[in-house]
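Below is one structure, written out as structure tokens, with a few remarks after it.
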Amino acid sequence: MAISKYKPTTPARRGMTSEDYSEITTKKPLKSLLKNKKQNAGRNNSGRITVRHRGGGVKRHYRLVSHNLPEGLKLTIEEIEYDPNRSARIARVKDETGTYYYVVADTQMTKGKTFTIGKDAAVESSNRLALADIPVGTYIYAIELTPGRGAQIVRSAGTGAQLMAKENNYAQVRLPSGEVRKIRLEAKASIGTVGNVQHQNIKIGSAGRKRRKGIRPTVRGVVMNATDHPHGGGDGGRHGSGKAPRTPWGQLTLGYRTRKNKSTSKLIVRSRHQAKRRR
């Protein structure tokens with residue numbers, strides 16, 4: 001996949017780039033695998049804003065992507081489609097009984113290719129099997145954290161994890177963040193790397209394009225009044241403020257660790273922060 005540039009007809013278009021949709025084989029999604037998606041504008045079920053700077057944007061249907069397909073399926077790829085709800089492409093696949101599913105597409109998925117799910121599957125790209133049956137060093141994606149629950153991590157465009165080692169009942173997997181984590185050997189994963197690799201290199205270019213994605217403007221705290229933000233106030237700037245960076249509610253940020261999940265901390269062999277320091 002390549003990045004498409006625009007003719008510089010306006011200042012915004014000069015730096016704007018877009019995805020190359022040449023790998024997409026159809027523009028019509030399967031209606032039986034669609035459902036309506038309500039725009040909540042960052043609000044929870046009580047109507048309170050829990051995610052700021054969200055609202056508006058174009059309407060979209062949600063694609064029912066299957067992350068936990070049954071064992072023993074042999075699937076044939078019918079189409080590669082665009083999904084407005086995720087960065088990766090999705091593949092429309094059909095099993096031997098004629099049932100259709102959507103799955104996250106990797107870099108090797110093409111129209112007409114077949115792949116298998118289960119312990120009898122070969123160690124080939126797109127096949128899905130347990131970590132116990134995958135050789136060490138293989139790149140994997142769509143990984144289960146809890147066996148039987150379905151793919152939970154490594155599903156974004158261009159991401160891939162590497163199986164580093166196997167010890168006792170656990171496999172050590174290096175995630176895209178650099179974190180090395182233990183995962184049960186019974187957990188399943190797909191072989192390969194998620195497609196649409198160039199997604200991270202796209203330049204939005206204009207404010208209107210961001211609004212159509214449903215993202216509203218963000219105002220910096222340093223330009224607010226002191227009553228509105230801990231960074232606000234002062235005589236024309238943040239001169240001599242001496243404050244550590246904080247959220248609008250006073251919570252420390254930028255380097256302040258918030259992770260407190262003790263039940264899974266023992267499964268992390270090396271944190272992503274250690275990986276960054278080594279670079």
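By order of appearance in the structure tokens: chains A, B, ..., then residues from 1 within every chain, and ligands from 1 in the order shown.
For range 23-261 of chain A, backbone-based DSSP labels the following residues as helix (DSSP H, G or I): Lys31, Ser32, Leu33, Leu131, Ala132, Asp133, Val197, Gln198, His199, Gln200, Asn201, Ala207, Gly208, Arg209, Lys210, Arg211, Arg212, Gly221, Val222 and Val223 of chain A.
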Test item: residues at most 7 Å from Tyr6 in chain A, only C-alpha atoms, excluding those fewer than 6 positions along its chain, as an NGL selection string
:A and (13-14 or 16-17)
Emit the selected residues as a CSV table (one decimal), in the first residue's frame, including C-alpha atoms.
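Okay, selection30.csv is ready:
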```
chain,number,residue,atom,x,y,z
A,13,ARG,CA,-4.3,20.3,0.5
A,14,ARG,CA,-0.5,21.0,0.1
A,16,MET,CA,-2.6,16.5,3.0
A,17,THR,CA,-2.1,12.8,2.2
```
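Residue nearest Asn85 in chain A within the list A:Gly15, A:Pro135, A:Gly214, A:Gly208: A:Gly214 [criterion: smallest interatomic distance, only C-alpha atoms].
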Within 10 Å of range 197-206 of chain A: each range 104-158 of chain A residue with its shortest pair, only C-alpha atoms, as a Markdown table:
```
| residue | atom | partner | partner_atom | distance |
| --- | --- | --- | --- | --- |
| A:Asp106 | CA | A:Val197 | CA | 9.3 |
| A:Thr107 | CA | A:Val197 | CA | 7.9 |
| A:Ser156 | CA | A:Val197 | CA | 9.4 |
| A:Ala157 | CA | A:Val197 | CA | 5.8 |
| A:Gly158 | CA | A:Val197 | CA | 3.9 |
```
Given the selection you just returned, output its residues as a file containing C-alpha atoms, formatted as a PDB file, in the first residue's frame.
```pdb
ATOM      1  CA  ASP A 106      -3.462  -8.965   7.402  1.00  0.00           C
ATOM      2  CA  THR A 107      -0.850  -8.014   4.806  1.00  0.00           C
ATOM      3  CA  SER A 156      -4.618  -2.037  14.727  1.00  0.00           C
ATOM      4  CA  ALA A 157      -3.262  -1.300  11.263  1.00  0.00           C
ATOM      5  CA  GLY A 158       0.373  -2.265  10.727  1.00  0.00           C
TER       6      GLY A 158
END
```
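Between Arg211 in chain A and the residues A:Gly56, A:Asn45, A:Lys262, A:Leu163, the shortest atom-to-atom distance, using only C-alpha atoms, involves A:Gly56.
Taking only C-alpha atoms into account, Tyr102 in chain A lies nearest to A:Pro29 out of the set A:Gly118, A:Gly137, A:Pro248, A:Pro29.
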Name all residues at most 9 Å from range 144-152 of chain A (count only C-alpha atoms; drop same-chain ones fewer than 3 positions away) and give them as number ranges by chain.
A: 66-69, 141, 155, 183-189
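Ranking A:Asn40, A:Thr258, A:Thr76, A:Thr114 by their shortest atom-to-atom distance to Thr99 in chain A, with only C-alpha atoms included, puts A:Thr76 first.
Here the DSSP assignment of strand (DSSP E), based on backbone atoms, applies within range 114-150 of chain A to Thr114, Phe115, Thr116, Arg128, Leu129, Ala130, Tyr139, Ile140 and Tyr141 of chain A.
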Pick out the residues sitting within 8 Å of range 90-97 of chain A, and hand them over as a count of residues only; count only C-alpha atoms, and ignore anything fewer than 4 positions along from it in its own chain.
18
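Minimum distance to Ala171 in chain A across A:Tyr100, A:Glu23, A:Val269, A:Asp228 (counting only C-alpha atoms) occurs at A:Val269.
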Tell me, as number ranges by chain, which residues lie within 12 Å of Ala122 in chain A, counting only C-alpha atoms; anything in the same chain fewer than 4 positions away does not count.
A: 74, 114-118, 126-130, 133-135, 190-191
Expected file: the selected residues, N, CA and C atoms, as a compact mmCIF listing (two decimals), in the first residue's frame:
```txt
# COMPACT_ATOMS: atom_id res chain seq x y z
N LYS A 74 -12.51 -23.74 7.81
CA LYS A 74 -11.69 -23.41 6.64
C LYS A 74 -12.39 -22.30 5.90
N THR A 114 -7.36 -18.99 0.95
CA THR A 114 -8.02 -19.75 2.01
C THR A 114 -7.09 -19.84 3.22
N PHE A 115 -7.68 -19.88 4.40
CA PHE A 115 -6.90 -20.08 5.62
C PHE A 115 -7.74 -20.87 6.61
N THR A 116 -7.07 -21.41 7.64
CA THR A 116 -7.70 -22.36 8.55
C THR A 116 -7.56 -21.90 9.98
N ILE A 117 -8.53 -22.31 10.81
CA ILE A 117 -8.51 -22.01 12.24
C ILE A 117 -8.50 -23.33 13.00
N GLY A 118 -7.54 -23.51 13.90
CA GLY A 118 -7.51 -24.73 14.71
C GLY A 118 -6.14 -25.35 14.78
N SER A 126 -1.93 -15.91 8.04
CA SER A 126 -3.39 -15.81 8.18
C SER A 126 -4.01 -16.97 8.95
N ASN A 127 -3.33 -18.13 9.05
CA ASN A 127 -3.89 -19.24 9.83
C ASN A 127 -3.90 -18.87 11.32
N ARG A 128 -4.89 -19.44 12.03
CA ARG A 128 -5.06 -19.11 13.44
C ARG A 128 -4.98 -20.38 14.28
N LEU A 129 -4.05 -20.38 15.24
CA LEU A 129 -3.89 -21.54 16.11
C LEU A 129 -3.36 -21.12 17.47
N ALA A 130 -3.25 -22.08 18.36
CA ALA A 130 -2.82 -21.78 19.73
C ALA A 130 -1.34 -21.40 19.74
N ASP A 133 1.31 -24.09 19.46
CA ASP A 133 1.59 -24.70 18.15
C ASP A 133 2.32 -23.77 17.20
N ILE A 134 2.66 -22.56 17.65
CA ILE A 134 3.34 -21.58 16.79
C ILE A 134 4.82 -21.55 17.15
N PRO A 135 5.72 -21.63 16.17
CA PRO A 135 7.17 -21.62 16.47
C PRO A 135 7.62 -20.29 17.07
N SER A 190 -3.33 -15.21 15.35
CA SER A 190 -3.21 -15.37 13.90
C SER A 190 -1.79 -15.05 13.49
N ILE A 191 -1.31 -15.74 12.46
CA ILE A 191 0.07 -15.57 12.02
C ILE A 191 0.14 -14.46 10.98
```
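Rounded to one decimal, CA of Ala2 in chain A and CA of Gly195 in chain A lie 12.0 Å from each other.
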